[in-house]
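What follows is the content of run-v1.txt, which has compact mmCIF, C-alpha atoms:
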```txt
# COMPACT_ATOMS: atom_id res chain seq x y z
CA MET H 1 38.56 -11.17 -51.91
CA ASP H 2 39.12 -7.89 -50.06
CA THR H 3 42.73 -6.86 -50.75
CA LYS H 4 42.91 -4.82 -47.51
CA THR H 5 41.97 -7.77 -45.32
CA PRO H 6 44.64 -10.45 -44.73
CA PRO H 7 43.81 -13.42 -46.97
CA GLY H 8 43.42 -15.86 -44.09
CA LYS H 9 40.91 -13.68 -42.28
CA ALA H 10 39.06 -12.84 -45.51
CA ARG H 11 38.40 -16.53 -46.14
CA PHE H 12 36.80 -17.01 -42.74
CA LEU H 13 34.68 -13.88 -43.17
CA TYR H 14 33.50 -15.01 -46.61
CA PHE H 15 32.00 -18.25 -45.31
CA LEU H 16 30.76 -16.72 -42.04
CA ASN H 17 28.82 -14.21 -44.12
CA GLN H 18 27.21 -17.03 -46.11
CA ILE H 19 26.17 -18.73 -42.89
CA GLN H 20 24.83 -15.53 -41.33
CA ILE H 21 22.63 -14.82 -44.35
CA THR H 22 21.00 -18.23 -43.89
CA LEU H 23 20.74 -17.84 -40.12
CA ASP H 24 18.95 -14.52 -40.64
CA LYS H 25 16.39 -16.30 -42.82
CA ALA H 26 15.99 -18.95 -40.14
CA GLU H 27 14.98 -16.32 -37.57
CA THR H 28 11.44 -16.18 -38.97
CA SER H 29 11.13 -19.93 -39.55
CA GLU H 30 9.10 -22.24 -37.34
CA ASP H 31 11.89 -24.81 -37.75
CA PRO H 32 15.24 -23.01 -38.12
CA ALA H 33 17.21 -26.27 -38.24
CA LEU H 34 15.14 -27.58 -41.15
CA LEU H 35 15.59 -24.33 -43.05
CA ILE H 36 19.36 -24.21 -42.69
CA TYR H 37 19.54 -27.90 -43.59
CA LYS H 38 17.57 -27.31 -46.80
CA GLU H 39 19.69 -24.24 -47.57
CA ASN H 40 22.79 -26.47 -47.47
CA VAL H 41 24.54 -24.41 -44.81
CA ARG H 42 26.54 -27.56 -44.12
CA THR H 43 28.87 -26.66 -47.01
CA PRO H 44 30.13 -23.32 -45.61
CA PHE H 45 30.51 -24.98 -42.21
CA PHE H 46 32.65 -27.63 -43.93
CA MET H 47 34.74 -24.84 -45.46
CA LEU H 48 35.21 -23.13 -42.09
CA GLU H 49 36.17 -26.44 -40.53
CA ALA H 50 38.76 -26.92 -43.29
CA LEU H 51 40.19 -23.44 -42.72
CA ALA H 52 40.39 -23.97 -38.97
CA ARG H 53 42.16 -27.30 -39.51
CA LEU H 54 44.76 -25.54 -41.66
CA TYR H 55 45.29 -22.45 -39.55
CA LYS H 56 45.62 -24.28 -36.24
CA LYS H 57 48.88 -25.60 -37.70
CA ILE H 58 49.97 -22.13 -38.85
CA GLN H 59 48.79 -19.54 -36.30
CA ASN H 60 47.22 -19.78 -32.84
CA LYS H 61 46.65 -23.51 -32.31
CA LYS H 62 44.44 -23.10 -29.24
CA LYS H 63 42.07 -20.56 -30.80
CA PHE H 64 41.70 -22.35 -34.11
CA THR H 65 41.22 -25.71 -32.40
CA LYS H 66 38.27 -24.24 -30.48
CA LEU H 67 36.87 -22.70 -33.66
CA ASN H 68 37.25 -26.02 -35.42
CA GLU H 69 35.30 -27.77 -32.67
CA SER H 70 32.53 -25.17 -32.88
CA PHE H 71 32.18 -25.51 -36.66
CA LYS H 72 32.42 -29.30 -36.51
CA GLU H 73 29.60 -29.53 -33.96
CA ILE H 74 27.15 -27.93 -36.39
CA GLU H 75 28.51 -29.80 -39.40
CA ASP H 76 28.20 -33.13 -37.58
CA MET H 77 24.61 -32.38 -36.58
CA LEU H 78 23.70 -31.43 -40.14
CA GLY H 79 25.45 -34.60 -41.30
CA ALA H 80 23.29 -36.70 -38.97
CA ILE H 81 20.14 -35.03 -40.31
CA ASP H 82 21.30 -35.72 -43.85
CA PHE H 83 22.05 -39.34 -42.96
CA TYR H 84 18.53 -40.09 -41.71
CA ASP H 85 16.82 -37.92 -44.30
CA GLY H 86 18.70 -39.65 -47.11
CA PHE H 87 17.72 -43.11 -45.97
CA HIS H 88 14.12 -42.07 -45.31
CA LYS H 89 13.75 -40.70 -48.84
CA GLY H 90 15.65 -43.57 -50.43
CA PHE H 91 13.78 -46.33 -48.62
CA ALA H 92 10.36 -44.70 -49.10
CA THR H 93 10.42 -45.68 -52.79
CA MET H 94 11.60 -49.26 -52.18
CA LYS H 95 8.81 -51.84 -51.89
CA ASN H 96 11.02 -54.32 -50.02
CA ILE H 97 11.61 -51.92 -47.13
CA PRO H 98 8.92 -52.24 -44.39
CA GLU H 99 7.05 -49.04 -43.57
CA LEU H 100 8.11 -49.35 -39.93
CA ILE H 101 11.74 -49.04 -41.06
CA THR H 102 11.01 -46.01 -43.23
CA ASN H 103 9.11 -44.34 -40.40
CA TYR H 104 12.02 -44.98 -38.05
CA PHE H 105 14.32 -42.85 -40.21
CA GLN H 106 11.75 -40.06 -40.39
CA LYS H 107 11.49 -40.02 -36.60
CA LYS H 108 15.28 -40.03 -36.22
CA MET H 109 15.56 -37.11 -38.61
CA ASP H 110 12.94 -35.19 -36.62
CA ASP H 111 14.87 -35.94 -33.41
CA LYS H 112 18.11 -34.65 -34.94
CA LEU H 113 16.37 -31.47 -36.13
CA LYS H 114 15.13 -30.82 -32.59
CA GLU H 115 18.63 -31.42 -31.26
CA LEU H 116 20.09 -28.91 -33.72
CA ASN H 117 17.42 -26.32 -32.91
CA ARG H 118 18.32 -26.57 -29.22
CA HIS H 119 22.01 -26.24 -30.02
CA LEU H 120 21.53 -23.23 -32.29
CA LYS H 121 19.69 -21.34 -29.55
CA LYS H 122 21.95 -22.45 -26.71
CA GLU H 123 25.16 -21.51 -28.53
CA GLY H 124 23.89 -18.17 -29.80
CA TRP H 125 23.81 -18.97 -33.50
CA LEU H 126 20.26 -17.62 -33.65
CA GLY H 127 19.22 -14.13 -32.63
CA ASN H 128 19.21 -10.64 -34.10
CA ASP H 129 22.35 -9.76 -32.15
CA HIS H 130 24.37 -12.34 -34.15
CA LYS H 131 26.01 -13.34 -30.87
CA ARG H 132 27.95 -16.37 -32.11
CA THR H 133 29.25 -14.96 -35.40
CA THR H 134 30.14 -11.65 -33.72
CA LYS H 135 32.15 -13.53 -31.09
CA ILE H 136 33.98 -15.48 -33.81
CA ILE H 137 34.81 -12.31 -35.74
CA LYS H 138 36.22 -10.71 -32.58
CA LYS H 139 38.48 -13.72 -32.17
CA LEU H 140 39.61 -13.41 -35.80
CA ASP H 141 40.35 -9.72 -35.26
CA LYS H 142 42.89 -10.62 -32.59
CA ILE H 143 44.88 -13.00 -34.80
CA ASN H 144 48.25 -11.79 -36.06
CA TRP H 145 47.55 -12.75 -39.67
CA LEU H 146 50.31 -13.40 -42.20
CA ASP H 147 50.65 -11.43 -45.42
CA GLU H 148 49.74 -13.13 -48.68
CA GLU H 149 53.21 -14.47 -49.50
CA GLU H 150 53.86 -15.85 -46.00
CA ASP H 151 50.32 -17.25 -45.83
CA THR H 152 50.82 -19.08 -49.13
CA ILE H 153 54.12 -20.59 -48.03
CA GLU H 154 52.68 -21.85 -44.73
CA ILE H 155 49.57 -23.35 -46.32
CA SER H 156 51.73 -25.00 -48.96
CA ASN H 157 53.83 -26.60 -46.22
CA VAL H 158 50.79 -27.82 -44.27
CA TYR H 159 49.19 -29.31 -47.39
CA ASP H 160 52.44 -31.03 -48.36
CA LYS H 161 52.91 -32.49 -44.87
CA TYR H 162 49.31 -33.74 -44.83
CA ILE H 163 49.89 -35.57 -48.12
CA ASP H 164 53.00 -37.17 -46.67
CA LYS H 165 51.13 -38.19 -43.51
CA ILE H 166 48.41 -39.97 -45.49
CA SER H 167 50.93 -41.61 -47.83
CA GLN H 168 52.89 -42.99 -44.87
CA LYS H 169 49.78 -44.18 -43.05
CA TYR H 170 48.37 -46.00 -46.06
CA LYS H 171 51.44 -47.59 -47.55
CA PRO H 172 50.26 -50.63 -49.56
CA GLY H 173 51.71 -52.98 -46.93
CA ASN H 174 49.67 -51.24 -44.20
CA LEU H 175 46.32 -51.52 -45.99
CA LYS H 176 44.18 -53.96 -44.03
CA PHE H 177 40.50 -53.04 -44.18
CA LYS H 178 38.47 -54.74 -41.47
CA GLU H 179 35.55 -52.33 -40.92
CA VAL H 180 33.57 -50.00 -43.16
CA GLU H 181 33.46 -47.10 -40.71
CA ALA H 182 36.94 -47.40 -39.21
CA ASP H 183 38.75 -48.16 -42.48
CA VAL H 184 36.82 -47.34 -45.68
CA HIS H 185 35.04 -44.28 -44.36
CA GLU H 186 38.11 -43.05 -42.50
CA LEU H 187 40.35 -43.21 -45.57
CA ARG H 188 37.74 -41.38 -47.61
CA ARG H 189 37.46 -38.67 -44.94
CA GLU H 190 41.20 -38.15 -44.90
CA LEU H 191 41.46 -37.98 -48.69
CA ARG H 192 38.46 -35.70 -48.94
CA TRP H 193 40.18 -32.90 -47.02
CA LEU H 194 42.70 -32.68 -49.86
CA SER H 195 39.84 -31.73 -52.20
CA ILE H 196 38.00 -29.53 -49.69
CA TYR H 197 41.00 -27.34 -48.88
CA PRO H 198 41.24 -25.88 -52.42
CA GLN H 199 37.55 -24.87 -52.28
CA ALA H 200 37.94 -23.34 -48.81
CA LEU H 201 41.01 -21.35 -49.87
CA LEU H 202 39.01 -19.39 -52.46
CA GLY H 203 41.36 -19.50 -55.43
CA LEU H 204 44.73 -19.88 -53.73
CA MET H 205 45.06 -23.35 -55.23
CA GLN H 206 44.94 -23.66 -59.00
CA PHE H 207 45.58 -26.38 -61.55
CA LYS H 208 48.81 -26.59 -63.44
CA GLY H 209 48.19 -26.24 -67.18
CA ASP H 210 46.65 -29.11 -69.15
CA ASN H 211 49.00 -31.92 -70.03
CA GLU H 212 48.55 -35.37 -71.51
CA PRO H 213 47.83 -37.83 -68.68
CA ARG H 214 50.06 -40.83 -68.18
CA ASP H 215 48.44 -44.07 -69.31
CA PHE H 216 47.85 -45.48 -65.83
CA LEU H 217 45.89 -42.34 -64.86
CA LYS H 218 43.36 -42.63 -67.68
CA LYS H 219 41.19 -45.13 -65.78
CA TYR H 220 40.54 -42.40 -63.22
CA LEU H 221 39.69 -39.67 -65.71
CA THR H 222 36.09 -40.61 -66.37
CA SER H 223 33.65 -38.14 -67.88
CA GLU H 224 31.80 -37.93 -64.56
CA ILE H 225 34.98 -36.92 -62.73
CA VAL H 226 36.46 -34.59 -65.36
CA ASN H 227 33.18 -32.69 -65.74
CA SER H 228 32.28 -32.57 -62.07
CA PRO H 229 31.56 -29.05 -60.74
CA TYR H 230 33.45 -30.07 -57.60
CA ASN H 231 36.62 -30.24 -59.68
CA VAL H 232 36.50 -26.61 -60.76
CA MET H 233 38.86 -24.41 -58.79
CA PRO H 234 37.52 -21.10 -57.39
CA ASP H 235 38.63 -17.99 -59.26
CA GLY H 236 42.05 -16.90 -58.04
CA SER H 237 42.63 -13.99 -60.40
CA GLY H 238 42.61 -11.45 -57.57
CA LEU H 239 45.53 -13.11 -55.80
CA GLN H 240 49.22 -12.52 -56.39
CA GLU H 241 50.23 -15.90 -54.98
CA HIS H 242 49.02 -19.36 -55.93
CA ILE H 243 49.69 -23.00 -55.09
CA LEU H 244 49.68 -25.39 -58.05
CA LEU H 245 48.12 -28.83 -58.19
CA ASP H 246 48.47 -31.26 -61.07
CA LYS H 247 45.03 -31.50 -62.70
CA ASN H 248 45.23 -35.16 -63.76
CA TYR H 249 46.38 -36.33 -60.34
CA PHE H 250 43.70 -34.20 -58.66
CA TYR H 251 41.07 -35.83 -60.90
CA SER H 252 42.49 -39.21 -59.88
CA LEU H 253 42.12 -38.24 -56.23
CA SER H 254 38.51 -37.24 -56.92
CA TRP H 255 37.82 -40.59 -58.55
CA MET H 256 39.14 -42.37 -55.47
CA ILE H 257 37.03 -40.27 -53.12
CA ASP H 258 33.96 -40.95 -55.25
CA ALA H 259 34.61 -44.70 -55.52
CA LEU H 260 35.20 -45.07 -51.78
CA GLY H 261 32.07 -42.99 -51.18
CA LYS H 262 29.91 -45.39 -53.16
CA LEU H 263 31.37 -48.40 -51.36
CA LYS H 264 31.02 -46.64 -48.00
CA ASP H 265 27.38 -45.79 -48.74
CA SER H 266 26.69 -49.42 -49.57
CA GLY H 267 28.04 -50.41 -46.18
CA LEU H 268 26.16 -47.65 -44.39
CA THR H 269 22.93 -48.90 -45.95
CA ILE H 270 23.37 -52.23 -44.19
CA MET H 271 24.37 -50.51 -40.95
CA ALA H 272 21.39 -48.15 -41.10
CA ILE H 273 18.93 -51.01 -41.56
CA GLU H 274 20.65 -52.95 -38.77
CA GLU H 275 20.12 -49.96 -36.50
CA ALA H 276 16.49 -49.64 -37.55
CA VAL H 277 15.52 -53.31 -37.20
CA GLY H 278 17.18 -53.44 -33.79
CA ALA H 279 15.16 -50.44 -32.62
CA VAL H 280 11.86 -51.27 -34.33
CA TYR H 281 11.74 -55.02 -33.69
CA GLN H 282 13.65 -54.93 -30.38
CA ILE H 283 16.16 -57.58 -31.43
CA SER H 284 19.85 -57.82 -30.61
CA HIS H 285 20.91 -60.89 -32.62
CA GLY H 286 20.66 -61.63 -36.33
CA LYS H 287 20.31 -57.98 -37.31
CA LYS H 288 22.92 -58.16 -40.06
CA GLN H 289 21.33 -61.17 -41.76
CA LEU H 290 17.90 -59.56 -41.51
CA ALA H 291 19.34 -56.38 -43.02
CA TYR H 292 20.84 -58.38 -45.88
CA SER H 293 17.50 -60.08 -46.56
CA ILE H 294 15.63 -56.76 -46.54
CA CYS H 295 18.15 -55.19 -48.95
CA GLY H 296 17.95 -58.08 -51.42
CA ASP H 297 20.51 -59.97 -53.48
CA SER H 298 21.88 -56.87 -55.23
CA GLN H 299 23.23 -55.47 -51.96
CA MET H 300 26.98 -55.88 -51.49
CA LYS H 301 27.90 -57.59 -48.25
CA PHE H 302 30.55 -56.28 -45.85
CA PRO H 303 33.33 -58.67 -46.94
CA GLU H 304 32.82 -57.67 -50.59
CA ILE H 305 32.87 -53.96 -49.72
CA LEU H 306 36.09 -54.33 -47.73
CA ILE H 307 37.83 -56.41 -50.41
CA GLN H 308 36.90 -54.00 -53.19
CA SER H 309 37.86 -50.95 -51.12
CA GLN H 310 41.23 -52.43 -50.21
CA LYS H 311 41.86 -53.39 -53.84
CA ILE H 312 41.35 -49.90 -55.28
CA ALA H 313 43.17 -48.26 -52.35
CA LYS H 314 46.18 -50.52 -52.86
CA THR H 315 46.38 -49.59 -56.55
CA PHE H 316 45.89 -45.90 -55.77
CA PHE H 317 48.76 -45.78 -53.30
CA GLU H 318 51.03 -48.03 -55.36
CA GLU H 319 50.62 -45.57 -58.23
CA ASN H 320 51.79 -42.80 -55.91
CA ILE H 321 48.90 -40.50 -56.81
CA LEU H 322 49.13 -38.22 -53.78
CA ASN H 323 52.85 -37.57 -53.98
CA ASN H 324 52.42 -36.31 -57.53
CA LEU H 325 49.43 -34.12 -56.70
CA PHE H 326 51.28 -31.16 -55.27
CA VAL H 327 53.42 -29.03 -57.60
CA LYS H 328 56.07 -27.42 -55.43
CA GLN H 329 56.31 -24.07 -57.14
CA LYS H 330 54.28 -20.88 -57.51
CA ILE H 331 52.77 -19.27 -60.60
```

Take the structure I supplied and represent it as structure tokens, if you would.
Amino acid sequence: MDTKTPPGKARFLYFLNQIQITLDKAETSEDPALLIYKENVRTPFFMLEALARLYKKIQNKKKFTKLNESFKEIEDMLGAIDFYDGFHKGFATMKNIPELITNYFQKKMDDKLKELNRHLKKEGWLGNDHKRTTKIIKKLDKINWLDEEEDTIEISNVYDKYIDKISQKYKPGNLKFKEVEADVHELRRELRWLSIYPQALLGLMQFKGDNEPRDFLKKYLTSEIVNSPYNVMPDGSGLQEHILLDKNYFYSLSWMIDALGKLKDSGLTIMAIEEAVGAVYQISHGKKQLAYSICGDSQMKFPEILIQSQKIAKTFFEENILNNLFVKQKI
């Protein structure tokens, strides 16, 4: 990270540069949206969204809220493309899925790509003049950025308050999962920001040294989680200030995000097929049962998904994982 540039601004510039490199490649592509989708530009947009979410609580709320909306627009569109592409590819290899259903997801993906292409041109993300990124950088230039020590303190406070907000919202007595999207997916989204922020902050957050995990944490510390590349903190050696997170509790958080993700995906599979059969066969009733029959007996049904999600969430919050995640001291 550039030591002459305020750390907050440097983080935004880092990910904007990644995006601009991909956008420059897209200039010569017949389908810019498809190229940036394949180049996984969704990740740096996620990082920028995370930064904007943090800094709107620290600096100029109005400016960072608008930036957040701008980044989220693209990220949501790329997410929709990924949604339909994922189901198209997954269902294409399944003999029990009718070809009409598979083709539906291909068409929806194509529609979402066209939508993104229109948005990229309309909003100035494409073009040799770099209109959109230049405009964003000018906005960043006008921010009265904090120095490294002040920046670290403020981010630490925001992260701590966010943990407390989630912990209060999902007290075991408040956990009543009724819908996959509104409950399971929403909890996962909220927890996921706690793991995205460390990546977006480019080394500011680091793990506290290795220590023997408490017995109740060991169920979370699977080989898949411990060895995941997503659980490696960015290099922070160039920074004077750091925020510490407990490694074992962070791994436990990652396990929860992963487990909820698998349950959420199971529910989305049913919802995706419901959407497809309704559109393809022009039916409004009995879509869920038809979706179940197409998926087969191995597919979890909504009640099972909700029960299992609520069960692991209840244990997670009873064990107070989040409130032990944040180590309130600096290196």

Atom pair CA of Lys178 (chain H) / CA of Gly86 (chain H): separation (Å):
25.5 Å

Which distance in Å separates CA of Lys314 (chain H) and CA of Tyr251 (chain H), to one decimal?
17.5 Å

Spatial neighbours of Lys114 (chain H), 12 Å, all atoms listed in the file, chain gap at least 4 places, as number ranges by chain
H: 30-34, 77-78, 80-81, 107-110, 118-121

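Going from CA of Ile58 (chain H) over to CA of Glu154 (chain H), you cover 6.5 Å.
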
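Of the residues under consideration (H:Leu140, H:Pro229, H:Ala276, H:Leu67), H:Ala276 shows the shortest atom-to-atom contact distance to Gln106 (chain H) when counting only C-alpha atoms.
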
Best match for closeness to Thr22 (chain H) among H:Lys112, H:His130, H:Lys218, H:Lys56, counting all atoms listed in the file:
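Of all the options, H:His130 lies closest to Thr22 (chain H).
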
Starting from 6 Å padding per side, set up an axis-aligned box that covers all listed atoms of region 174-183 of chain H and hand over centre and edge lengths in Å, one decimal, as AutoDock Vina command-line options.
```
--center_x 41.6 --center_y -50.9 --center_z -42.6 --size_x 28.2 --size_y 19.6 --size_z 18.8
```

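Checking H:Ala272, H:Lys165, H:Gln199, H:Lys262 one by one against Pro234 (chain H), counting all atoms listed in the file, you find the shortest gap at H:Gln199.
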
Got a sec to check which residues sit within 9 Å of (27.1, -51.8, -50.0), counting all atoms listed in the file, and write them as a PyMOL selection string?
chain H and resi 262-270+298-302+304-305

Selected residue, from H:Ser237, H:Asn17, H:Asn248, H:Ser195, that lies nearest to Glu212 (chain H) when counting all atoms listed in the file:
H:Asn248

Closest pair table for region 40-149 of chain H residues within 10 Å of region 278-282 of chain H, all atoms listed in the file, as a tab-separated table:
```
residue	atom	partner	partner_atom	distance
H:Leu100	CA	H:Val280	CA	7.0
H:Ile101	CA	H:Val280	CA	7.1
H:Asn103	CA	H:Val280	CA	9.6
H:Tyr104	CA	H:Val280	CA	7.3
```

For region 44-54 of chain H, find every residue with an atom within 7 Å (counting all atoms listed in the file), except residues of its own chain fewer than 4 positions away, and show them as an NGL selection string.
:H and (12 or 15 or 18-19 or 58 or 64-65 or 67-68 or 71-72 or 75 or 158 or 196-197 or 200)

For region 159-161 of chain H, find every residue with an atom within 12 Å (counting all atoms listed in the file), except residues of its own chain fewer than 3 positions away, and show them as a PyMOL selection string.
chain H and resi 50-51+53-55+57-58+152-156+164-168+191+193-198+201+205+243-245+322-329

Given the point (36.7, -45.8, -53.3) in the coordinates of this file, which residues lie within 12 Å, counting all atoms listed in the file, and how would they look as an MDAnalysis selection string?
chainID H and resid 180 183:189 191:192 220 252:266 305:316

I'd like to know which of H:Thr133, H:Gly236, H:Ile97, H:Tyr230 is closest to Leu290 (chain H), using all atoms listed in the file.
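Smallest distance to Leu290 (chain H) is found for H:Ile97.
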